[in-house]
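Note: the block below is query28.tsv and it holds TSV, C-alpha atoms and all ligand atoms.
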```tsv
chain	number	residue	atom	x	y	z
A	1	MET	CA	76.45	70.49	96.12
A	2	LYS	CA	79.00	70.11	98.86
A	3	LEU	CA	78.15	71.27	102.35
A	4	THR	CA	80.32	74.34	102.71
A	5	ARG	CA	78.92	76.21	105.69
A	6	ARG	CA	82.16	75.49	107.52
A	7	SER	CA	84.27	76.96	104.73
A	8	PHE	CA	82.11	80.09	104.56
A	9	LEU	CA	82.50	80.49	108.32
A	10	ARG	CA	86.24	79.93	108.06
A	11	TYR	CA	86.51	82.51	105.31
A	12	SER	CA	84.30	84.97	107.23
A	13	GLY	CA	86.51	84.40	110.27
A	14	LEU	CA	89.59	85.35	108.27
A	15	VAL	CA	87.87	88.47	106.94
A	16	PHE	CA	86.63	89.44	110.40
A	17	ALA	CA	90.04	88.85	111.99
A	18	GLY	CA	91.56	91.34	109.55
A	19	MET	CA	88.94	93.94	110.39
A	20	ASN	CA	88.77	93.87	114.17
A	21	VAL	CA	85.27	92.37	114.25
A	22	SER	CA	84.10	90.86	117.50
A	23	SER	CA	83.95	87.08	117.76
A	24	SER	CA	80.33	87.41	118.95
A	25	VAL	CA	79.35	88.46	115.40
A	26	LEU	CA	80.95	85.31	114.02
A	27	ALA	CA	79.15	83.24	116.63
A	28	ALA	CA	75.83	84.86	115.67
A	29	LEU	CA	76.58	84.13	112.01
A	30	GLU	CA	77.28	80.49	112.86
A	31	ARG	CA	73.94	80.22	114.68
A	32	GLN	CA	72.06	81.72	111.72
A	33	LEU	CA	73.74	79.45	109.17
A	34	ALA	CA	73.03	76.37	111.30
A	35	LYS	CA	69.29	76.98	111.01
A	36	ALA	CA	67.33	74.83	108.58
A	37	THR	CA	65.94	77.95	106.92
A	38	LYS	CA	68.66	80.28	105.80
A	39	PRO	CA	68.21	83.88	104.72
A	40	PRO	CA	67.27	83.90	101.03
A	41	VAL	CA	69.46	86.08	98.85
A	42	LEU	CA	68.46	87.44	95.43
A	43	TRP	CA	71.33	88.86	93.36
A	44	LEU	CA	70.50	90.89	90.24
A	45	ASN	CA	72.83	92.48	87.69
A	46	GLY	CA	71.99	95.72	85.91
A	47	SER	CA	74.21	98.28	84.19
A	48	SER	CA	77.61	96.91	85.15
A	49	CYS	CA	80.43	94.79	83.77
A	50	THR	CA	79.77	92.03	86.36
A	51	GLY	CA	83.32	92.65	87.57
A	52	CYS	CA	82.18	92.64	91.20
A	53	SER	CA	80.79	89.11	90.80
A	54	VAL	CA	83.95	88.00	89.00
A	55	SER	CA	86.22	89.48	91.66
A	56	PHE	CA	84.16	87.82	94.38
A	57	LEU	CA	84.21	84.44	92.63
A	58	ASN	CA	87.97	84.58	92.13
A	59	ARG	CA	88.59	85.51	95.75
A	60	ILE	CA	86.57	82.66	97.19
A	61	ALA	CA	87.97	80.17	94.73
A	62	ASP	CA	91.47	81.20	95.79
A	63	SER	CA	90.83	80.81	99.49
A	64	ALA	CA	88.90	77.57	99.74
A	65	PRO	CA	88.70	74.29	97.88
A	66	GLU	CA	85.04	74.82	97.09
A	67	THR	CA	83.75	77.07	94.36
A	68	ALA	CA	82.02	80.34	95.15
A	69	ALA	CA	78.83	78.93	93.70
A	70	ASP	CA	78.96	76.04	96.20
A	71	VAL	CA	79.62	78.39	99.08
A	72	LEU	CA	76.85	80.79	98.18
A	73	VAL	CA	74.18	78.29	97.26
A	74	SER	CA	74.91	75.95	100.18
A	75	THR	CA	75.32	78.51	102.91
A	76	ILE	CA	73.34	81.65	102.31
A	77	ASP	CA	70.58	80.24	100.11
A	78	LEU	CA	71.41	82.25	97.02
A	79	ILE	CA	68.28	81.55	95.05
A	80	TYR	CA	68.87	83.87	92.11
A	81	HIS	CA	72.13	84.98	90.46
A	82	PRO	CA	71.99	85.27	86.66
A	83	THR	CA	75.61	84.26	86.07
A	84	LEU	CA	75.75	81.43	88.62
A	85	MET	CA	72.39	79.71	88.46
A	86	ALA	CA	71.78	76.78	86.16
A	87	ALA	CA	68.13	77.62	85.53
A	88	ALA	CA	67.18	80.05	82.78
A	89	GLY	CA	64.10	81.56	81.17
A	90	ASP	CA	60.70	81.24	82.83
A	91	ALA	CA	62.01	78.62	85.30
A	92	ALA	CA	64.53	81.09	86.72
A	93	ALA	CA	62.13	84.00	86.72
A	94	SER	CA	59.48	82.01	88.56
A	95	VAL	CA	61.98	81.35	91.40
A	96	LEU	CA	62.46	85.08	91.67
A	97	LEU	CA	58.74	85.76	91.68
A	98	ARG	CA	58.10	83.15	94.34
A	99	ALA	CA	60.69	84.79	96.60
A	100	TYR	CA	59.14	88.17	95.86
A	101	ARG	CA	55.71	86.99	96.96
A	102	GLU	CA	57.11	85.76	100.28
A	103	GLY	CA	59.27	88.88	100.85
A	104	GLY	CA	61.93	89.31	103.56
A	105	TYR	CA	64.93	88.42	101.37
A	106	ILE	CA	68.35	90.03	101.15
A	107	LEU	CA	68.41	91.85	97.82
A	108	VAL	CA	71.91	92.18	96.39
A	109	LEU	CA	72.12	94.55	93.43
A	110	GLU	CA	75.11	94.86	91.13
A	111	GLY	CA	74.79	97.64	88.58
A	112	GLY	CA	73.21	101.04	88.16
A	113	VAL	CA	69.71	101.52	86.79
A	114	PRO	CA	69.15	102.95	83.29
A	115	THR	CA	66.02	105.07	83.43
A	116	ALA	CA	65.95	106.46	79.87
A	117	PHE	CA	63.68	104.76	77.31
A	118	ASN	CA	61.43	103.71	80.19
A	119	GLY	CA	64.23	101.43	81.46
A	120	ASN	CA	64.43	99.41	78.25
A	121	ALA	CA	68.21	99.82	77.93
A	122	CYS	CA	68.52	96.97	80.44
A	123	VAL	CA	66.17	93.98	80.38
A	124	VAL	CA	66.97	91.43	83.10
A	125	TYR	CA	64.57	88.59	82.41
A	126	SER	CA	61.36	87.69	80.69
A	127	ILE	CA	58.42	85.66	81.88
A	128	ASN	CA	55.51	84.39	79.83
A	129	GLY	CA	56.99	86.24	76.88
A	130	GLU	CA	57.00	89.59	78.66
A	131	GLU	CA	60.32	91.40	79.18
A	132	VAL	CA	61.09	92.91	82.58
A	133	THR	CA	63.50	95.82	82.83
A	134	TYR	CA	66.07	96.19	85.60
A	135	MET	CA	64.29	99.40	86.59
A	136	GLN	CA	60.99	97.57	87.03
A	137	ALA	CA	62.58	94.58	88.78
A	138	VAL	CA	64.53	96.73	91.23
A	139	THR	CA	61.51	98.92	92.01
A	140	GLU	CA	59.32	95.92	92.78
A	141	LEU	CA	61.86	93.72	94.54
A	142	ALA	CA	63.18	96.56	96.71
A	143	ALA	CA	59.72	97.13	98.15
A	144	LYS	CA	59.62	93.72	99.85
A	145	ALA	CA	63.32	93.23	100.70
A	146	ALA	CA	64.48	92.91	104.31
A	147	VAL	CA	67.69	94.68	103.35
A	148	ILE	CA	69.16	96.01	100.12
A	149	VAL	CA	72.89	95.58	99.51
A	150	CYS	CA	74.47	97.50	96.63
A	151	VAL	CA	77.56	95.64	95.45
A	152	GLY	CA	79.99	97.92	93.63
A	153	THR	CA	80.04	101.58	92.71
A	154	CYS	CA	77.57	101.24	89.80
A	155	ALA	CA	74.74	100.16	92.11
A	156	SER	CA	75.89	102.43	94.93
A	157	PHE	CA	76.37	105.66	93.00
A	158	GLY	CA	75.95	105.03	89.25
A	159	GLY	CA	79.67	104.49	88.61
A	160	ILE	CA	81.05	104.09	85.10
A	161	PRO	CA	77.63	103.48	83.45
A	162	ALA	CA	76.51	106.87	84.81
A	163	ALA	CA	79.65	108.72	83.69
A	164	GLY	CA	79.11	111.67	81.36
A	165	PRO	CA	77.25	112.01	79.06
A	166	ASN	CA	75.18	109.14	80.49
A	167	PRO	CA	72.84	108.63	77.52
A	168	THR	CA	70.83	105.91	79.27
A	169	GLU	CA	70.36	108.13	82.36
A	170	VAL	CA	71.75	105.60	84.82
A	171	VAL	CA	71.03	106.29	88.49
A	172	SER	CA	71.97	104.51	91.71
A	173	ILE	CA	69.66	102.12	93.54
A	174	HIS	CA	68.99	104.64	96.28
A	175	GLU	CA	68.23	107.37	93.75
A	176	LEU	CA	65.70	105.10	92.05
A	177	THR	CA	64.00	103.59	95.08
A	178	GLY	CA	64.58	106.12	97.86
A	179	ARG	CA	64.89	103.14	100.18
A	180	PRO	CA	67.58	102.44	102.80
A	181	VAL	CA	70.56	100.64	101.30
A	182	VAL	CA	73.96	99.32	102.37
A	183	ASN	CA	76.44	100.54	99.77
A	184	LEU	CA	79.53	98.38	99.27
A	185	SER	CA	81.20	100.59	96.69
A	186	GLY	CA	84.34	99.86	94.72
A	187	CYS	CA	85.12	99.21	91.07
A	188	PRO	CA	85.14	96.32	91.62
A	189	VAL	CA	84.24	96.12	95.30
A	190	ASN	CA	86.79	94.29	97.39
A	191	PRO	CA	85.38	90.73	97.75
A	192	ASP	CA	86.28	90.65	101.44
A	193	TRP	CA	83.97	93.62	101.94
A	194	VAL	CA	81.10	91.71	100.33
A	195	VAL	CA	81.63	88.80	102.71
A	196	TRP	CA	81.93	91.23	105.62
A	197	GLY	CA	78.64	92.89	104.66
A	198	LEU	CA	76.68	89.70	104.03
A	199	ALA	CA	78.06	88.01	107.14
A	200	ASN	CA	77.16	90.94	109.40
A	201	LEU	CA	73.67	91.29	107.92
A	202	ILE	CA	72.94	87.57	108.21
A	203	ALA	CA	74.25	87.61	111.79
A	204	GLY	CA	71.90	90.51	112.56
A	205	ALA	CA	74.79	92.69	113.72
A	206	PRO	CA	74.26	96.46	113.51
A	207	VAL	CA	76.11	98.00	110.56
A	208	GLU	CA	76.89	101.66	111.13
A	209	LEU	CA	76.75	103.64	107.87
A	210	ASP	CA	78.30	106.91	106.74
A	211	GLY	CA	76.51	109.71	104.86
A	212	ASP	CA	76.84	107.76	101.61
A	213	PHE	CA	75.31	104.62	103.18
A	214	ARG	CA	78.66	102.79	103.29
A	215	PRO	CA	79.72	100.81	106.37
A	216	MET	CA	81.87	103.03	108.57
A	217	ALA	CA	84.07	100.04	109.36
A	218	LEU	CA	85.08	99.56	105.74
A	219	TYR	CA	85.38	103.10	104.43
A	220	ASN	CA	85.82	105.52	107.29
A	221	ARG	CA	88.07	103.97	109.88
A	222	ASP	CA	91.74	103.32	110.01
A	223	LEU	CA	93.12	99.85	110.56
A	224	SER	CA	93.05	100.19	114.34
A	225	GLY	CA	89.26	100.55	114.19
A	226	THR	CA	89.18	104.14	115.41
A	227	SER	CA	87.00	106.75	113.73
A	228	VAL	CA	89.93	108.61	112.22
A	229	PRO	CA	89.11	109.40	108.59
A	230	ALA	CA	90.92	106.82	106.52
A	231	LEU	CA	92.04	108.78	103.49
A	232	ILE	CA	94.13	106.69	101.11
A	233	HIS	CA	96.58	109.59	101.00
A	234	ASP	CA	97.03	109.63	104.79
A	235	LYS	CA	98.39	106.10	104.85
A	236	CYS	CA	100.20	106.01	101.52
A	237	PRO	CA	103.90	105.11	101.69
A	238	ARG	CA	104.52	107.63	98.88
A	239	ASN	CA	103.23	110.49	101.06
A	240	ILE	CA	106.19	112.46	102.39
A	241	ASN	CA	104.27	113.07	105.66
A	242	VAL	CA	103.86	109.32	106.14
A	243	ASN	CA	107.28	108.29	104.85
A	244	PRO	CA	109.85	111.09	105.15
A	245	SER	CA	112.24	109.21	102.88
A	246	ALA	CA	109.71	109.00	100.03
A	247	PRO	CA	111.18	110.10	96.67
A	248	PRO	CA	109.92	113.19	94.80
A	249	GLU	CA	106.58	113.21	93.02
A	250	ALA	CA	106.35	111.33	89.72
A	251	THR	CA	106.27	113.39	86.55
A	252	ASP	CA	105.29	110.50	84.29
A	253	PHE	CA	104.02	106.93	84.51
A	254	GLY	CA	106.50	104.16	85.21
A	255	GLN	CA	108.49	106.04	87.86
A	256	ALA	CA	108.23	103.42	90.59
A	257	GLY	CA	107.72	104.41	94.21
A	258	ARG	CA	106.90	108.08	93.59
A	259	CYS	CA	103.80	110.01	94.62
A	260	LEU	CA	101.24	110.00	91.78
A	261	ILE	CA	99.48	113.26	92.62
A	262	ASN	CA	100.52	114.93	89.35
A	263	LEU	CA	99.17	111.96	87.39
A	264	GLY	CA	95.63	112.29	88.70
A	265	CYS	CA	95.79	110.33	91.96
A	266	ARG	CA	92.57	110.77	93.93
A	267	GLY	CA	94.05	109.38	97.15
A	268	PRO	CA	93.66	112.74	98.94
A	269	ALA	CA	89.87	112.59	98.42
A	270	THR	CA	89.24	108.86	98.86
A	271	LYS	CA	88.39	106.99	102.04
A	272	ALA	CA	88.70	103.21	102.06
A	273	ARG	CA	90.75	100.37	103.49
A	274	CYS	CA	92.45	99.32	100.27
A	275	GLU	CA	96.08	99.20	101.31
A	276	GLY	CA	97.57	95.75	100.92
A	277	CYS	CA	94.21	94.04	100.87
A	278	TRP	CA	93.66	92.83	97.32
A	279	ASN	CA	94.13	89.39	95.79
A	280	GLY	CA	94.10	87.71	99.16
A	281	LYS	CA	96.96	85.29	98.65
A	282	ALA	CA	99.63	85.35	101.31
A	283	GLY	CA	102.56	87.43	100.18
A	284	GLN	CA	100.75	88.55	97.04
A	285	ALA	CA	98.22	91.06	98.39
A	286	ASN	CA	98.54	94.40	96.71
A	287	TRP	CA	96.61	97.51	95.79
A	288	CYS	CA	96.45	100.14	93.03
A	289	ILE	CA	99.17	102.41	94.36
A	290	GLY	CA	101.31	99.39	95.21
A	291	VAL	CA	101.41	98.51	91.52
A	292	ASN	CA	102.29	102.07	90.53
A	293	ALA	CA	98.83	103.20	89.42
A	294	PRO	CA	97.05	106.26	90.79
A	295	CYS	CA	94.03	105.75	93.03
A	296	HIS	CA	90.97	106.48	90.88
A	297	GLY	CA	88.78	107.05	93.92
A	298	CYS	CA	86.68	104.14	92.73
A	299	VAL	CA	84.75	103.87	96.01
A	300	GLU	CA	83.53	107.47	95.95
A	301	PRO	CA	80.26	108.92	94.57
A	302	THR	CA	82.42	111.15	92.35
A	303	PHE	CA	83.86	108.18	90.44
A	304	PRO	CA	84.53	108.39	87.57
A	305	GLY	CA	82.79	111.70	86.84
A	306	PRO	CA	82.68	113.36	83.46
A	307	GLN	CA	86.45	113.61	83.14
A	308	SER	CA	89.09	111.09	82.11
A	309	PHE	CA	90.55	108.82	84.81
A	310	TYR	CA	93.96	110.33	84.26
A	311	GLN	CA	93.07	114.02	84.23
A	312	THR	CA	94.47	115.90	87.19
A	313	TYR	CA	91.87	115.83	89.94
A	314	THR	CA	91.41	118.94	92.06
A	315	VAL	CA	90.56	118.13	95.67
B	1	LIG	S1	100.36	108.46	95.42
B	1	LIG	FE1	98.31	109.33	95.75
B	1	LIG	S2	97.69	108.63	97.79
B	1	LIG	FE2	99.93	108.31	97.61
B	1	LIG	S3	100.84	110.16	98.46
B	1	LIG	FE3	100.61	110.52	96.29
B	1	LIG	S4	98.62	111.54	96.08
B	1	LIG	FE4	98.68	110.60	98.09
B	2	LIG	S1	93.18	102.41	95.88
B	2	LIG	FE1	91.62	103.81	95.04
B	2	LIG	S2	91.16	103.06	92.93
B	2	LIG	FE2	92.26	101.43	94.07
B	2	LIG	S3	90.63	100.13	94.92
B	2	LIG	FE3	91.15	101.64	96.50
B	2	LIG	S4	89.73	103.37	96.17
B	2	LIG	FE4	89.67	102.10	94.32
```
Mind turning the file's structure into structure tokens?
Amino acid sequence: MKLTRRSFLRYSGLVFAGMNVSSSVLAALERQLAKATKPPVLWLNGSSCTGCSVSFLNRIADSAPETAADVLVSTIDLIYHPTLMAAAGDAAASVLLRAYREGGYILVLEGGVPTAFNGNACVVYSINGEEVTYMQAVTELAAKAAVIVCVGTCASFGGIPAAGPNPTEVVSIHELTGRPVVNLSGCPVNPDWVVWGLANLIAGAPVELDGDFRPMALYNRDLSGTSVPALIHDKCPRNINVNPSAPPEATDFGQAGRCLINLGCRGPATKARCEGCWNGKAGQANWCIGVNAPCHGCVEPTFPGPQSFYQTYTV
């Protein structure tokens, strides 16, 4: 493994610079990462498509010469991630159990929790021939975690796996455990927000949360850092109140530049800092509305709900 603490810090610095985060947080992060013993991170996947991991891996790979696996394993002591780790079977599970016995880890959870069939719709590992469900693993691991980070809307609120009729009775991590969580919702979550969350938690910086346990700084503030509600609609260039020269509302898909309210856009009910912040490459950053697609409200507890993505949404 290459030593990539510097690249993680550089990347965190870029993320922080875009989000008005104080340089003292970055300095605290640097001090923590310089320690011989780094905060252990366990990352488990449940009912999800693993899109949040994939988005995160692509983002890091785009922004640094090292792979995401290098960055994570070398800097934050990622000791368990089912799609990144080389170990498998009992060897992998025993790493997890050893961390569990010691406690005090950062528990990152990607995916909702199926509770029907006693949790058996989602088995995450087996040890000594005995299968362990995601429901059982989350319940036990959450009890001894220093902090629980829910990556993506599935873990945060149930998301697509919990959409109607929800035959496996998927619930969010907080619903299952009742424990404090930091929800980094999004479908997938913006990878910069994952770095922001992990970096702040490792640095020991206070993370102010909203009523849905999401960081205020990522979901509830405008780009100047004030506490003005940051509705997607209120900063959309297709909103006539934002851009008086905006063309009339679209009546069908493919009508570039027009407001998508009649095509099911949930921008008026969605708070997040999505505008221009995806993909990460200079000159190529974009977002859903920028590519002529309605906002699905993917960061909200109401996503996707029992209805189709493209049904008109009443706010
Ligand atoms: S496209 Fe969506 S977010 Fe933009 S103005 Fe229309 S309703 Fe609002
Ligand atoms: S614009 Fe809407 S659908 Fe797109 S990422 Fe942001 S919250 Fe999700």
Closest-contact table, chain A side, partner ligand LIG 2 (chain B), 8 Å, counting all atoms listed in the file, as JSON lines:
```
{"residue": "A:Gly186", "atom": "CA", "partner": "B:LIG2", "partner_atom": "FE4", "distance": 5.8}
{"residue": "A:Cys187", "atom": "CA", "partner": "B:LIG2", "partner_atom": "FE4", "distance": 6.3}
{"residue": "A:Pro188", "atom": "CA", "partner": "B:LIG2", "partner_atom": "S3", "distance": 7.5}
{"residue": "A:Val189", "atom": "CA", "partner": "B:LIG2", "partner_atom": "S3", "distance": 7.6}
{"residue": "A:Asn190", "atom": "CA", "partner": "B:LIG2", "partner_atom": "S3", "distance": 7.4}
{"residue": "A:Ile232", "atom": "CA", "partner": "B:LIG2", "partner_atom": "S1", "distance": 6.8}
{"residue": "A:Arg266", "atom": "CA", "partner": "B:LIG2", "partner_atom": "FE1", "distance": 7.1}
{"residue": "A:Gly267", "atom": "CA", "partner": "B:LIG2", "partner_atom": "FE1", "distance": 6.4}
{"residue": "A:Thr270", "atom": "CA", "partner": "B:LIG2", "partner_atom": "S4", "distance": 6.1}
{"residue": "A:Lys271", "atom": "CA", "partner": "B:LIG2", "partner_atom": "S4", "distance": 7.0}
{"residue": "A:Ala272", "atom": "CA", "partner": "B:LIG2", "partner_atom": "S4", "distance": 6.0}
{"residue": "A:Arg273", "atom": "CA", "partner": "B:LIG2", "partner_atom": "FE3", "distance": 7.1}
{"residue": "A:Cys274", "atom": "CA", "partner": "B:LIG2", "partner_atom": "FE3", "distance": 4.6}
{"residue": "A:Glu275", "atom": "CA", "partner": "B:LIG2", "partner_atom": "S1", "distance": 6.9}
{"residue": "A:Trp287", "atom": "CA", "partner": "B:LIG2", "partner_atom": "S1", "distance": 6.0}
{"residue": "A:Cys288", "atom": "CA", "partner": "B:LIG2", "partner_atom": "FE2", "distance": 4.5}
{"residue": "A:Ile289", "atom": "CA", "partner": "B:LIG2", "partner_atom": "S1", "distance": 6.2}
{"residue": "A:Pro294", "atom": "CA", "partner": "B:LIG2", "partner_atom": "S2", "distance": 7.0}
{"residue": "A:Cys295", "atom": "CA", "partner": "B:LIG2", "partner_atom": "FE1", "distance": 3.7}
{"residue": "A:His296", "atom": "CA", "partner": "B:LIG2", "partner_atom": "S2", "distance": 4.0}
{"residue": "A:Gly297", "atom": "CA", "partner": "B:LIG2", "partner_atom": "S4", "distance": 4.4}
{"residue": "A:Cys298", "atom": "CA", "partner": "B:LIG2", "partner_atom": "FE4", "distance": 4.0}
{"residue": "A:Val299", "atom": "CA", "partner": "B:LIG2", "partner_atom": "S4", "distance": 5.0}
{"residue": "A:Glu300", "atom": "CA", "partner": "B:LIG2", "partner_atom": "S4", "distance": 7.4}
```
Fill in: Selected residue, from A:Tyr105, A:Phe117, A:Trp196, A:Phe253, that lies nearest to ligand LIG 1 (chain B) when counting all atoms listed in the file
A:Phe253
Worksheet item: What residues have any atom no more than 6 Å from ligand LIG 1 (chain B) when counting all atoms listed in the file, and can you list them as an MDAnalysis selection string?
Response: chainID A and resid 232:233 236 238:239 259:261 265 267:268 294
Worksheet item: If you count only C-alpha atoms, which residues fall within 12 Å of Val181 of chain A, apart from same-chain ones fewer than 4 positions away, as number ranges by chain?
Response: A: 106-109, 142-143, 145-151, 155-157, 172-177, 185, 197, 201, 207-215
With 12 Å as the cut-off and all atoms listed in the file counted, what is the closest atom pair between each nearby residue of segment 185-213 of chain A and segment 34-47 of chain A? Distances in Å to one decimal, ordered by chain and number, as a Markdown table.
```
| residue | atom | partner | partner_atom | distance |
| --- | --- | --- | --- | --- |
| A:Leu198 | CA | A:Val41 | CA | 9.6 |
| A:Ala199 | CA | A:Pro39 | CA | 11.0 |
| A:Leu201 | CA | A:Pro39 | CA | 9.7 |
| A:Ile202 | CA | A:Pro39 | CA | 6.9 |
| A:Ala203 | CA | A:Pro39 | CA | 10.0 |
| A:Gly204 | CA | A:Pro39 | CA | 10.9 |
```
Response to the item:
One residue among A:Pro114, A:Gly103, A:Pro165, A:Ala93 is nearest to Glu130 of chain A when using only C-alpha atoms, and that residue is A:Ala93
Worksheet entry | Separation of atom CA of Gly290 of chain A from atom CA of Ser55 of chain A, in Å and rounded to one decimal | 18.4 Å
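Among the candidates A:Val138, A:Leu218, A:Ala163, A:Ala256, the residue lying nearest to Pro191 of chain A is A:Leu218 (atoms considered: all atoms listed in the file).
Of the listed residues (A:Pro306, A:Gly152, A:Gly104, A:Pro82), A:Pro82 comes nearest to Tyr125 of chain A; the distances count only C-alpha atoms.
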Practice prompt. Quote the spacing between atom CA of Cys49 of chain A and atom CA of Val113 of chain A in Å to one decimal place.
Written response: 13.0 Å
Practice prompt. Take atom CA of Thr168 of chain A and atom CA of Glu140 of chain A and report the distance between them in Å, one decimal.
Written response: 20.4 Å
Discussion item. With distances taken over all atoms listed in the file, which residue among A:Asn292, A:Ser53, A:Gln136, A:Asn220 lies nearest Arg258 of chain A?
Written reply: A:Asn292
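For the residues A:Val242, A:Ile160, A:Ala137, A:Ala86, ranking by smallest atom-to-atom distance to Gly305 of chain A using only C-alpha atoms places A:Ile160 first.
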For segment 244-258 of chain A, where the input has fewer atoms than it should, I would like N, CA and C atoms rebuilt and written as a compact mmCIF listing (two decimals), keeping the file's coordinate frame.
```txt
# COMPACT_ATOMS: atom_id res chain seq x y z
N PRO A 244 108.97 109.96 105.43
CA PRO A 244 109.85 111.09 105.15
C PRO A 244 110.93 110.79 104.11
N SER A 245 111.22 109.52 103.88
CA SER A 245 112.24 109.21 102.88
C SER A 245 111.64 108.93 101.50
N ALA A 246 110.34 109.23 101.33
CA ALA A 246 109.71 109.00 100.03
C ALA A 246 110.38 109.86 98.96
N PRO A 247 110.54 109.32 97.76
CA PRO A 247 111.18 110.10 96.67
C PRO A 247 110.25 111.20 96.17
N PRO A 248 110.76 112.10 95.33
CA PRO A 248 109.92 113.19 94.80
C PRO A 248 108.75 112.68 93.97
N GLU A 249 107.79 113.58 93.76
CA GLU A 249 106.58 113.21 93.02
C GLU A 249 106.91 112.77 91.60
N ALA A 250 106.15 111.81 91.10
CA ALA A 250 106.35 111.33 89.72
C ALA A 250 105.92 112.40 88.73
N THR A 251 106.63 112.46 87.63
CA THR A 251 106.27 113.39 86.55
C THR A 251 105.71 112.64 85.35
N ASP A 252 105.82 111.31 85.39
CA ASP A 252 105.29 110.50 84.29
C ASP A 252 105.03 109.09 84.83
N PHE A 253 104.28 108.30 84.08
CA PHE A 253 104.02 106.93 84.51
C PHE A 253 105.30 106.09 84.42
N GLY A 254 105.37 105.07 85.25
CA GLY A 254 106.50 104.16 85.21
C GLY A 254 107.63 104.56 86.14
N GLN A 255 107.44 105.64 86.91
CA GLN A 255 108.49 106.04 87.86
C GLN A 255 108.15 105.42 89.22
N ALA A 256 108.65 104.23 89.45
CA ALA A 256 108.23 103.42 90.59
C ALA A 256 108.49 104.13 91.91
N GLY A 257 107.54 103.96 92.83
CA GLY A 257 107.72 104.41 94.21
C GLY A 257 107.42 105.88 94.45
N ARG A 258 107.10 106.64 93.41
CA ARG A 258 106.90 108.08 93.59
C ARG A 258 105.42 108.43 93.73
```
